[in-house]
Amino acid sequence: MKDIKILIMDVDGTLTDGSIYMGEHKEILKKFDVKDGYGIKNILPENDIIPVIITGRNSAILQNRCRELGIKDVIQGCSDKKNELEKIIKKYNVSYSEVACIGDDLNDYEMMMTAGVRGCPSDAVKGIKDIANYITKKQGGYGAVREFIEWLVEKEN
């Protein structure tokens, strides 16, 4: 598991608890864990790992959060996550084995199968747990991404 260069993250159910609060003017709230944010903004750069978001939904809230965390590659409204992962690999000239991925549901499956290292929150669906190299103790939106980041960094050293 040496030399992870990129961490690709799903959002709903991974960086959030999967709840989507809707009002008459579309989505109005998402809850993010500050521990995940610290891991993304501080621990990943300290270890030369580039954070990338690939998500099926579109959200201005997510765009704002990514700006706060310094995530430059944010792909939203994506129906083919594997294809987007392949574009990221080409953009950064890395191999599949240098990519880690964390997701929680079946729409992440193909993308995750392509990545060299796969993680998921403890409340991920069975099909994703079955392919994960690491299942966090924490649920999505409650520090699962931070836990996975710490596990990755520990494995790297």
# chains A, B, ... in the order shown; residues from 1 in each chain; ligands from 1

call {"tool": "residues_around", "arguments": {"residues": "range 80-92 of chain A", "least_positions_apart": "4", "cutoff": "7 Å", "atoms": "only C-alpha atoms", "output": "NGL selection string"}}
result
:A and (54 or 108 or 110-111)

call {"tool": "closest_atom_pairs", "arguments": {"of": "range 90-136 of chain A", "to": "range 6-11 of chain A", "cutoff": "7 Å", "atoms": "only C-alpha atoms", "output": "tab-separated table"}}
result
residue	atom	partner	partner_atom	distance
A:Glu98	CA	A:Ile6	CA	6.6
A:Val99	CA	A:Ile6	CA	4.9
A:Ala100	CA	A:Leu7	CA	4.8
A:Cys101	CA	A:Ile8	CA	4.6
A:Ile102	CA	A:Met9	CA	5.1
A:Gly103	CA	A:Asp10	CA	5.1

call {"tool": "atom_distance", "arguments": {"atom1": "CA of Leu152 in chain A", "atom2": "CA of Leu29 in chain A"}}
result
29.6 Å

call {"tool": "closest_residue", "arguments": {"among": "A:Ile50, A:Met113, A:Cys66, A:Cys120", "to": "Lys138 in chain A", "atoms": "only C-alpha atoms"}}
result
A:Cys120

call {"tool": "residues_around", "arguments": {"residues": "Arg146 in chain A", "least_positions_apart": "4", "cutoff": "10 Å", "atoms": "only C-alpha atoms", "output": "PDB file with all heavy atoms, in the first residue's frame"}}
result
ATOM      1  N   LEU A  15     -18.604  11.354   3.445  1.00  0.00           N
ATOM      2  CA  LEU A  15     -18.237  12.596   4.135  1.00  0.00           C
ATOM      3  C   LEU A  15     -19.411  13.159   4.931  1.00  0.00           C
ATOM      4  O   LEU A  15     -19.216  13.985   5.815  1.00  0.00           O
ATOM      5  CB  LEU A  15     -17.765  13.648   3.134  1.00  0.00           C
ATOM      6  CG  LEU A  15     -16.311  13.550   2.711  1.00  0.00           C
ATOM      7  CD1 LEU A  15     -16.026  14.482   1.541  1.00  0.00           C
ATOM      8  CD2 LEU A  15     -15.379  13.849   3.866  1.00  0.00           C
ATOM      9  N   ASP A  33     -18.184  16.454   9.195  1.00  0.00           N
ATOM     10  CA  ASP A  33     -17.431  16.263  10.431  1.00  0.00           C
ATOM     11  C   ASP A  33     -16.114  17.045  10.348  1.00  0.00           C
ATOM     12  O   ASP A  33     -15.373  16.911   9.374  1.00  0.00           O
ATOM     13  CB  ASP A  33     -17.151  14.766  10.624  1.00  0.00           C
ATOM     14  CG  ASP A  33     -16.598  14.462  11.988  1.00  0.00           C
ATOM     15  OD1 ASP A  33     -15.440  14.855  12.256  1.00  0.00           O
ATOM     16  OD2 ASP A  33     -17.300  13.825  12.789  1.00  0.00           O
ATOM     17  N   VAL A  34     -15.814  17.846  11.362  1.00  0.00           N
ATOM     18  CA  VAL A  34     -14.593  18.651  11.343  1.00  0.00           C
ATOM     19  C   VAL A  34     -13.337  17.778  11.376  1.00  0.00           C
ATOM     20  O   VAL A  34     -12.291  18.185  10.861  1.00  0.00           O
ATOM     21  CB  VAL A  34     -14.548  19.697  12.484  1.00  0.00           C
ATOM     22  CG1 VAL A  34     -15.651  20.731  12.315  1.00  0.00           C
ATOM     23  CG2 VAL A  34     -14.604  19.051  13.845  1.00  0.00           C
ATOM     24  N   LYS A  35     -13.424  16.606  11.953  1.00  0.00           N
ATOM     25  CA  LYS A  35     -12.260  15.710  11.982  1.00  0.00           C
ATOM     26  C   LYS A  35     -11.909  15.239  10.572  1.00  0.00           C
ATOM     27  O   LYS A  35     -10.738  15.143  10.215  1.00  0.00           O
ATOM     28  CB  LYS A  35     -12.509  14.535  12.921  1.00  0.00           C
ATOM     29  CG  LYS A  35     -12.550  14.953  14.383  1.00  0.00           C
ATOM     30  CD  LYS A  35     -12.870  13.767  15.278  1.00  0.00           C
ATOM     31  CE  LYS A  35     -13.038  14.203  16.706  1.00  0.00           C
ATOM     32  NZ  LYS A  35     -14.268  14.974  16.932  1.00  0.00           N
ATOM     33  N   ASP A  36     -12.928  14.940   9.772  1.00  0.00           N
ATOM     34  CA  ASP A  36     -12.681  14.620   8.362  1.00  0.00           C
ATOM     35  C   ASP A  36     -12.006  15.800   7.683  1.00  0.00           C
ATOM     36  O   ASP A  36     -11.031  15.636   6.946  1.00  0.00           O
ATOM     37  CB  ASP A  36     -13.992  14.308   7.625  1.00  0.00           C
ATOM     38  CG  ASP A  36     -14.639  13.004   8.037  1.00  0.00           C
ATOM     39  OD1 ASP A  36     -13.950  12.117   8.579  1.00  0.00           O
ATOM     40  OD2 ASP A  36     -15.852  12.860   7.790  1.00  0.00           O
ATOM     41  N   GLY A  37     -12.526  16.993   7.945  1.00  0.00           N
ATOM     42  CA  GLY A  37     -11.974  18.200   7.341  1.00  0.00           C
ATOM     43  C   GLY A  37     -10.507  18.401   7.690  1.00  0.00           C
ATOM     44  O   GLY A  37      -9.697  18.740   6.827  1.00  0.00           O
ATOM     45  N   TYR A  38     -10.157  18.181   8.945  1.00  0.00           N
ATOM     46  CA  TYR A  38      -8.755  18.325   9.359  1.00  0.00           C
ATOM     47  C   TYR A  38      -7.878  17.315   8.617  1.00  0.00           C
ATOM     48  O   TYR A  38      -6.791  17.646   8.146  1.00  0.00           O
ATOM     49  CB  TYR A  38      -8.608  18.141  10.875  1.00  0.00           C
ATOM     50  CG  TYR A  38      -7.196  18.377  11.330  1.00  0.00           C
ATOM     51  CD1 TYR A  38      -6.766  19.646  11.695  1.00  0.00           C
ATOM     52  CD2 TYR A  38      -6.277  17.331  11.373  1.00  0.00           C
ATOM     53  CE1 TYR A  38      -5.456  19.874  12.093  1.00  0.00           C
ATOM     54  CE2 TYR A  38      -4.963  17.540  11.765  1.00  0.00           C
ATOM     55  CZ  TYR A  38      -4.557  18.808  12.125  1.00  0.00           C
ATOM     56  OH  TYR A  38      -3.251  19.040  12.507  1.00  0.00           O
ATOM     57  N   GLY A  39      -8.351  16.110   8.510  1.00  0.00           N
ATOM     58  CA  GLY A  39      -7.586  15.085   7.798  1.00  0.00           C
ATOM     59  C   GLY A  39      -7.346  15.451   6.344  1.00  0.00           C
ATOM     60  O   GLY A  39      -6.242  15.282   5.815  1.00  0.00           O
ATOM     61  N   ILE A  40      -8.382  15.978   5.708  1.00  0.00           N
ATOM     62  CA  ILE A  40      -8.284  16.357   4.297  1.00  0.00           C
ATOM     63  C   ILE A  40      -7.382  17.571   4.113  1.00  0.00           C
ATOM     64  O   ILE A  40      -6.510  17.589   3.249  1.00  0.00           O
ATOM     65  CB  ILE A  40      -9.691  16.635   3.717  1.00  0.00           C
ATOM     66  CG1 ILE A  40     -10.506  15.338   3.670  1.00  0.00           C
ATOM     67  CG2 ILE A  40      -9.598  17.281   2.340  1.00  0.00           C
ATOM     68  CD1 ILE A  40     -11.995  15.544   3.466  1.00  0.00           C
ATOM     69  N   ILE A  43      -3.646  16.523   7.028  1.00  0.00           N
ATOM     70  CA  ILE A  43      -2.917  15.251   6.994  1.00  0.00           C
ATOM     71  C   ILE A  43      -2.605  14.819   5.560  1.00  0.00           C
ATOM     72  O   ILE A  43      -1.487  14.376   5.274  1.00  0.00           O
ATOM     73  CB  ILE A  43      -3.682  14.149   7.757  1.00  0.00           C
ATOM     74  CG1 ILE A  43      -3.824  14.548   9.237  1.00  0.00           C
ATOM     75  CG2 ILE A  43      -2.965  12.810   7.628  1.00  0.00           C
ATOM     76  CD1 ILE A  43      -4.732  13.624  10.051  1.00  0.00           C
ATOM     77  N   LEU A  44      -3.559  14.947   4.643  1.00  0.00           N
ATOM     78  CA  LEU A  44      -3.289  14.544   3.260  1.00  0.00           C
ATOM     79  C   LEU A  44      -2.139  15.346   2.646  1.00  0.00           C
ATOM     80  O   LEU A  44      -1.191  14.750   2.126  1.00  0.00           O
ATOM     81  CB  LEU A  44      -4.551  14.647   2.398  1.00  0.00           C
ATOM     82  CG  LEU A  44      -5.655  13.623   2.682  1.00  0.00           C
ATOM     83  CD1 LEU A  44      -6.850  13.870   1.755  1.00  0.00           C
ATOM     84  CD2 LEU A  44      -5.153  12.193   2.545  1.00  0.00           C
ATOM     85  N   THR A 136     -14.023   1.260   8.233  1.00  0.00           N
ATOM     86  CA  THR A 136     -13.822   2.090   9.424  1.00  0.00           C
ATOM     87  C   THR A 136     -14.751   1.650  10.552  1.00  0.00           C
ATOM     88  O   THR A 136     -15.781   1.026  10.319  1.00  0.00           O
ATOM     89  CB  THR A 136     -14.071   3.586   9.114  1.00  0.00           C
ATOM     90  OG1 THR A 136     -15.448   3.771   8.799  1.00  0.00           O
ATOM     91  CG2 THR A 136     -13.207   4.070   7.961  1.00  0.00           C
ATOM     92  N   LYS A 138     -16.044   3.953  12.364  1.00  0.00           N
ATOM     93  CA  LYS A 138     -16.988   5.076  12.371  1.00  0.00           C
ATOM     94  C   LYS A 138     -17.926   5.008  11.172  1.00  0.00           C
ATOM     95  O   LYS A 138     -17.590   4.459  10.129  1.00  0.00           O
ATOM     96  CB  LYS A 138     -16.222   6.397  12.361  1.00  0.00           C
ATOM     97  CG  LYS A 138     -15.355   6.572  13.603  1.00  0.00           C
ATOM     98  CD  LYS A 138     -14.735   7.937  13.636  1.00  0.00           C
ATOM     99  CE  LYS A 138     -13.784   8.100  14.781  1.00  0.00           C
ATOM    100  NZ  LYS A 138     -14.317   7.977  16.081  1.00  0.00           N
ATOM    101  N   GLY A 141     -19.904  10.385   7.792  1.00  0.00           N
ATOM    102  CA  GLY A 141     -20.294  11.670   8.367  1.00  0.00           C
ATOM    103  C   GLY A 141     -19.899  11.844   9.815  1.00  0.00           C
ATOM    104  O   GLY A 141     -20.126  12.898  10.405  1.00  0.00           O
ATOM    105  N   TYR A 142     -19.280  10.810  10.386  1.00  0.00           N
ATOM    106  CA  TYR A 142     -18.884  10.851  11.802  1.00  0.00           C
ATOM    107  C   TYR A 142     -17.398  10.540  11.970  1.00  0.00           C
ATOM    108  O   TYR A 142     -17.003   9.877  12.923  1.00  0.00           O
ATOM    109  CB  TYR A 142     -19.737   9.884  12.622  1.00  0.00           C
ATOM    110  CG  TYR A 142     -21.175  10.311  12.703  1.00  0.00           C
ATOM    111  CD1 TYR A 142     -22.107   9.854  11.778  1.00  0.00           C
ATOM    112  CD2 TYR A 142     -21.605  11.205  13.690  1.00  0.00           C
ATOM    113  CE1 TYR A 142     -23.432  10.261  11.829  1.00  0.00           C
ATOM    114  CE2 TYR A 142     -22.935  11.620  13.741  1.00  0.00           C
ATOM    115  CZ  TYR A 142     -23.834  11.139  12.816  1.00  0.00           C
ATOM    116  OH  TYR A 142     -25.140  11.545  12.853  1.00  0.00           O
ATOM    117  N   GLU A 150      -6.042   8.285   8.354  1.00  0.00           N
ATOM    118  CA  GLU A 150      -5.029   7.903   9.341  1.00  0.00           C
ATOM    119  C   GLU A 150      -4.527   6.493   9.097  1.00  0.00           C
ATOM    120  O   GLU A 150      -3.334   6.224   9.218  1.00  0.00           O
ATOM    121  CB  GLU A 150      -5.589   8.052  10.763  1.00  0.00           C
ATOM    122  CG  GLU A 150      -5.763   9.508  11.148  1.00  0.00           C
ATOM    123  CD  GLU A 150      -6.422   9.702  12.500  1.00  0.00           C
ATOM    124  OE1 GLU A 150      -6.960   8.725  13.078  1.00  0.00           O
ATOM    125  OE2 GLU A 150      -6.397  10.847  12.992  1.00  0.00           O
ATOM    126  N   TRP A 151      -5.431   5.579   8.715  1.00  0.00           N
ATOM    127  CA  TRP A 151      -5.036   4.204   8.393  1.00  0.00           C
ATOM    128  C   TRP A 151      -4.116   4.186   7.171  1.00  0.00           C
ATOM    129  O   TRP A 151      -3.085   3.497   7.169  1.00  0.00           O
ATOM    130  CB  TRP A 151      -6.277   3.355   8.163  1.00  0.00           C
ATOM    131  CG  TRP A 151      -5.991   1.945   7.792  1.00  0.00           C
ATOM    132  CD1 TRP A 151      -5.638   0.924   8.629  1.00  0.00           C
ATOM    133  CD2 TRP A 151      -6.049   1.381   6.465  1.00  0.00           C
ATOM    134  NE1 TRP A 151      -5.459  -0.229   7.919  1.00  0.00           N
ATOM    135  CE2 TRP A 151      -5.700   0.012   6.594  1.00  0.00           C
ATOM    136  CE3 TRP A 151      -6.349   1.901   5.216  1.00  0.00           C
ATOM    137  CZ2 TRP A 151      -5.664  -0.841   5.488  1.00  0.00           C
ATOM    138  CZ3 TRP A 151      -6.300   1.053   4.123  1.00  0.00           C
ATOM    139  CH2 TRP A 151      -5.968  -0.302   4.257  1.00  0.00           C
ATOM    140  N   LEU A 152      -4.472   4.956   6.132  1.00  0.00           N
ATOM    141  CA  LEU A 152      -3.650   5.028   4.927  1.00  0.00           C
ATOM    142  C   LEU A 152      -2.242   5.533   5.250  1.00  0.00           C
ATOM    143  O   LEU A 152      -1.248   4.957   4.811  1.00  0.00           O
ATOM    144  CB  LEU A 152      -4.265   5.995   3.898  1.00  0.00           C
ATOM    145  CG  LEU A 152      -5.339   5.510   2.986  1.00  0.00           C
ATOM    146  CD1 LEU A 152      -5.857   6.652   2.129  1.00  0.00           C
ATOM    147  CD2 LEU A 152      -4.870   4.364   2.120  1.00  0.00           C
TER     148      LEU A 152
END

call {"tool": "residues_around", "arguments": {"residues": "Ala132 in chain A", "least_positions_apart": "3", "cutoff": "9 Å", "atoms": "only C-alpha atoms", "output": "list of chain:residue names"}}
result
A:Ile102, A:Met112, A:Met113, A:Val117, A:Arg118, A:Gly119, A:Cys120, A:Ile128, A:Lys129, A:Ile135

call {"tool": "select_by_dssp", "arguments": {"residues": "range 3-143 of chain A", "states": "strand (DSSP E)", "output": "list of chain:residue names"}}
result
A:Ile6, A:Leu7, A:Ile8, A:Met9, A:Tyr21, A:Met22, A:Gly23, A:Lys26, A:Glu27, A:Ile28, A:Leu29, A:Ile50, A:Pro51, A:Val52, A:Ile53, A:Ile54, A:Asp73, A:Val74, A:Ile75, A:Val99, A:Ala100, A:Cys101, A:Ile102, A:Val117, A:Arg118, A:Gly119, A:Cys120, A:Tyr134, A:Ile135

call {"tool": "atom_distance", "arguments": {"atom1": "CA of Asp12 in chain A", "atom2": "CA of Lys31 in chain A"}}
result
9.8 Å

call {"tool": "select_by_dssp", "arguments": {"residues": "range 51-146 of chain A", "states": "helix (DSSP H, G or I)", "output": "PyMOL selection string"}}
result
chain A and resi 60-69+81-92+96-98+106-114+126-129+144-146

call {"tool": "atom_distance", "arguments": {"atom1": "CA of Val52 in chain A", "atom2": "CA of Gln76 in chain A"}}
result
10.9 Å

call {"tool": "closest_residue", "arguments": {"among": "A:Ser79, A:Thr16, A:Gln139, A:Ser95", "to": "Arg57 in chain A", "atoms": "only C-alpha atoms"}}
result
A:Ser79

call {"tool": "closest_residue", "arguments": {"among": "A:Val145, A:Val153, A:Ile71, A:Ala115", "to": "Ser97 in chain A", "atoms": "only C-alpha atoms"}}
result
A:Ala115
